[in-house]
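Visitor: Pasting in a structure now, in C-alpha cells, and then I'll have a few things to ask.
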Amino acid sequence: MSAGIVGGGIIGLAIAFELLERGVTDITVYDPDPARGAGLVAAGMLAPTAEANFGEEALQELMTASMRRWPGFAARVEARTGQALGYRTEGTLLVALTGDDQAEIDRLVGYYRRAGAPIEPLTGRELREREPLLSPRVRGGAFAPGDHQVDPRLLLRALRTLPVRFAAEKIEDLAAVPHELTIVATGASAAGLTGLPVRPVKGQLLRLRGPEPLLTRVVRGVANGRHVYLVPRADGELVVGATEEERGEDRTVTAGGVLDLLRPAADLLPGVAELALAETLAGLRPGTPDNAPVLGRLPGGRALVAIGHHRNGVLLAPVTAEAIADLATRGSTGVNLDAFGPTRFT
C-alpha cells in the first residue's frame, strides 16, 4: 500500500507510526513545516477526567479509551525511535482558590463521579501536603489519578525520526495526492481540503523556567473564576496555559493573554513570580461545532480524515492513529467512531 498523509503534526505522525507498525512502509507525509503546528504549543496533558465537559459523554469515552492506550503507545514509540517522551503518571490536582471556585470544582467532581471517572476530593491542607508550594489561600480541590502528561515536543521529535518520506508541499487538492490511500490530518486548515466545519481556535501559552520544579504533578486551577493549568517538567520548566480565543488565523501573543495566565497562576502558586519567562507562544487548535474530532472516511471519496481534535489532540493521538490505521489496512476498526463520523455535519 502507498499512503499519503496530509499533515505532519502529532496526529499525522502518530498515524504514520501505526501504519509502520502494521507493515506499511511506503508512506509520504506532506507538510511545508512538519512538527511545527498546534502540537508544538501544546502542554501535553493527558486528561480524560479533567478535560471532560457536560454533554460530552461520547467524547469522554473516546478520551478514556485513548488514555488506556497511552502507556503501550509510549512504550512502542520509545522502542522504535530510541527516544524518551517524558510520559509521567503522577496524576492531576484540581485546585480552587475561593469559595466560588470551590463550588465549580465540586460540580465537576460530581460530574466525574457520575461518569465513573476516578476522582478524590481534597481539602486545602491536603492539597498543600501533596504540593507544599501551593498558596495557603487555596480552599480545596480534588485529585484525578488517571490524568497523566507527556512532553509533546519530545513526542514530535521522536515521531519526526520515523522512516517515512517528508514532502515540503502544501496540498490544496486531495486529487493531487498520488497514492492509493490519502489521510487528511491537517488540523486547523482542514476545512478547505475537506469541506468540513473545522475552524482555528487560538490558544496562548507560556513556558517558565527555574532551577528546579515547583510542582511534582499537573495542577488545573480556578482562581477568581479564571482557569489555568500548570504542567511541570523534570528540568524545571513550567508550562502555563492556555487561553481559548475565537480570533481566526491570528497568532499574536498579547499582553492581555499573558496577564490572564500569569495572574491565576501566581494566585495558586506564588513561586511562579520568581521564574524566568522563557517563551510565549500562540497556536491554533482545530475546533469543530461540537468540540469533537472528525474520524473516518470522507463520503464518496478514497480519503480518510482525522481532524478537529481541538484541545485533546495529544491525548487522542493513540486511539485516533489506531482507528485510522485499522480503516486503512483492514477496512474496519474496533474503536467506536459512531459519534465522530464526517457525515454528522451534513
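FYI, nothing fancy with the C-alpha cells labels: chains A, B, ... in order, residues from 1 per chain, ligands from 1 as they appear.
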Could you give me, as number ranges by chain, the residues within 8 Å of Asp101 (chain A), counting only C-alpha atoms and dropping anything in the same chain fewer than 4 positions from it?
Guide: A: 96-97, 105, 222-225
Visitor: In terms of the shortest atom-to-atom distance over only C-alpha atoms, which of A:Ala58, A:Val198, A:Leu127, A:Leu304 is closest to Ile324 (chain A)?
Guide: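 Of A:Ala58, A:Val198, A:Leu127, A:Leu304, the one nearest Ile324 (chain A) is A:Leu304, counting only C-alpha atoms.
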Visitor: Let's see if you can do this: from backbone DSSP, list all strand (DSSP E or B) residues in region 191-289 of chain A, as a PyMOL selection string.
Guide: chain A and resi 199-209+218-223+226-232+237-241+245+276-287
Visitor: Measure the distance from CA of Arg160 (chain A) to CA of His179 (chain A) in Å and round it to one decimal.
Guide: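 If I compute the distance from CA of Arg160 (chain A) to CA of His179 (chain A), I get 20.9 Å.
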Visitor: Pick out the residues sitting within 9 Å of Gly257 (chain A), and hand them over as a PyMOL selection string; count only C-alpha atoms, and ignore anything fewer than 6 positions along from it in its own chain.
Guide: chain A and resi 203-205+242-243
Visitor: Write out as a list of chain:residue names all residues of region 162-242 of chain A that DSSP puts in alpha helix (DSSP H) for this structure's backbone.
Guide: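 Going through region 162-242 of chain A, the alpha helix (DSSP H) residues come out as A:Ala190, A:Ala191, A:Gly192, A:Leu193, A:Thr194.
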Visitor: Could you give me, as JSON lines, a per-residue list for region 177-257 of chain A showing, wherever an atom lies at most 10 Å from an atom of region 132-135 of chain A, the closest pair of atoms and their distance in Å to one decimal, using only C-alpha atoms and sorting by chain then residue number from low to high?
Guide:
```
{"residue": "A:Leu214", "atom": "CA", "partner": "A:Leu133", "partner_atom": "CA", "distance": 6.8}
{"residue": "A:Leu215", "atom": "CA", "partner": "A:Leu133", "partner_atom": "CA", "distance": 7.5}
{"residue": "A:Thr216", "atom": "CA", "partner": "A:Pro132", "partner_atom": "CA", "distance": 9.9}
{"residue": "A:Val219", "atom": "CA", "partner": "A:Leu134", "partner_atom": "CA", "distance": 9.7}
```
Visitor: Counting only C-alpha atoms, which residue out of A:Ala278, A:Ala175, A:Ala190, A:Leu59 sits closest to Val240 (chain A)?
Guide: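 Counting only C-alpha atoms, the residue closest to Val240 (chain A) is A:Ala278.
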Visitor: Kindly indicate which residue among A:Pro200, A:Gly287, A:Pro163, A:Pro293 lies nearest to Ala16 (chain A), using only C-alpha atoms for the distances.
Guide: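 Nearest to Ala16 (chain A): A:Pro163.
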Visitor: May I have the residues within 9 Å of Gly192 (chain A) as an MDAnalysis selection string, using only C-alpha atoms and disregarding those fewer than 4 positions away in the same chain?
Guide: chainID A and resid 172:173 196 198
Visitor: Skip Leu206 (chain A) itself and residues of its chain fewer than 6 positions away, then list as an NGL selection string all residues within 12 Å of it, counting only C-alpha atoms.
Guide: :A and (41-43 or 228-231 or 237-243 or 253-255 or 257-262 or 265 or 272 or 275-283)
Visitor: Hey, which of A:Ala339, A:Val6, A:Ala321, A:Val201 ends up closest to Ile171 (chain A)? Count only C-alpha atoms.
Guide: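 The shortest atom-to-atom distance to Ile171 (chain A) comes from A:Val6.
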Visitor: Determine, counting only C-alpha atoms, which protein, DNA and RNA residues have an atom within 9 Å of an atom of Tyr87 (chain A); residues of the same chain fewer than 6 positions away are not included. Present the result as a PDB file with N, CA, C and O atoms, in the first residue's frame.
Guide:
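Writing the result to part-v9.pdb gives the following:
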```pdb
ATOM      1  N   TRP A  70      -2.354   4.854  26.110  1.00  0.00           N
ATOM      2  CA  TRP A  70      -1.155   5.681  26.150  1.00  0.00           C
ATOM      3  C   TRP A  70       0.091   4.963  26.681  1.00  0.00           C
ATOM      4  O   TRP A  70       1.181   5.098  26.092  1.00  0.00           O
ATOM      5  N   PRO A  71       0.020   4.183  27.772  1.00  0.00           N
ATOM      6  CA  PRO A  71       1.254   3.529  28.237  1.00  0.00           C
ATOM      7  C   PRO A  71       1.881   2.629  27.177  1.00  0.00           C
ATOM      8  O   PRO A  71       3.100   2.680  26.952  1.00  0.00           O
ATOM      9  N   ALA A  74       3.239   4.824  24.209  1.00  0.00           N
ATOM     10  CA  ALA A  74       4.506   5.474  24.563  1.00  0.00           C
ATOM     11  C   ALA A  74       5.654   4.480  24.540  1.00  0.00           C
ATOM     12  O   ALA A  74       6.750   4.781  24.032  1.00  0.00           O
ATOM     13  N   HIS A 148      -2.686  11.965  33.225  1.00  0.00           N
ATOM     14  CA  HIS A 148      -1.231  11.950  33.177  1.00  0.00           C
ATOM     15  C   HIS A 148      -0.715  13.073  32.272  1.00  0.00           C
ATOM     16  O   HIS A 148      -1.451  13.988  31.921  1.00  0.00           O
ATOM     17  N   GLN A 149       0.551  13.013  31.882  1.00  0.00           N
ATOM     18  CA  GLN A 149       1.112  14.009  30.966  1.00  0.00           C
ATOM     19  C   GLN A 149       2.226  13.404  30.132  1.00  0.00           C
ATOM     20  O   GLN A 149       2.811  12.371  30.479  1.00  0.00           O
ATOM     21  N   VAL A 150       2.491  14.052  28.989  1.00  0.00           N
ATOM     22  CA  VAL A 150       3.614  13.719  28.135  1.00  0.00           C
ATOM     23  C   VAL A 150       4.167  15.035  27.601  1.00  0.00           C
ATOM     24  O   VAL A 150       3.457  16.045  27.584  1.00  0.00           O
ATOM     25  N   ASP A 151       5.414  15.038  27.182  1.00  0.00           N
ATOM     26  CA  ASP A 151       6.011  16.252  26.613  1.00  0.00           C
ATOM     27  C   ASP A 151       5.790  16.221  25.095  1.00  0.00           C
ATOM     28  O   ASP A 151       6.431  15.430  24.385  1.00  0.00           O
TER      29      ASP A 151
END
```
Visitor: Interatomic distance between CA of Pro289 (chain A) and CA of Ala176 (chain A)?
Guide: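 Distance reported for this atom pair: 28.4 Å.
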Visitor: Quote the spacing between CA of Ala234 (chain A) and CA of Pro48 (chain A) in Å to one decimal place.
Guide: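 Atom-to-atom, CA of Ala234 (chain A) to CA of Pro48 (chain A), that is 22.5 Å.
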Visitor: Pick out the closest residue to Leu181 (chain A) from this set: A:Val95, A:Ala168, A:Val305, A:Val77. Count only C-alpha atoms.
Guide: A:Val305
Visitor: Please identify all polymer residues within 10 Å of Leu284 (chain A), counting only C-alpha atoms, omitting same-chain residues fewer than 5 positions from it, and present them as an NGL selection string.
Guide: :A and (37-39 or 41-42 or 187-189 or 199-204 or 244-251 or 310-311)
Visitor: Considering only C-alpha atoms, can you say which of A:Leu85, A:Ala35, A:Met67, A:Leu19 comes closest to Val319 (chain A)?
Guide: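 Ranking A:Leu85, A:Ala35, A:Met67, A:Leu19 by distance to Val319 (chain A), first place goes to A:Met67.
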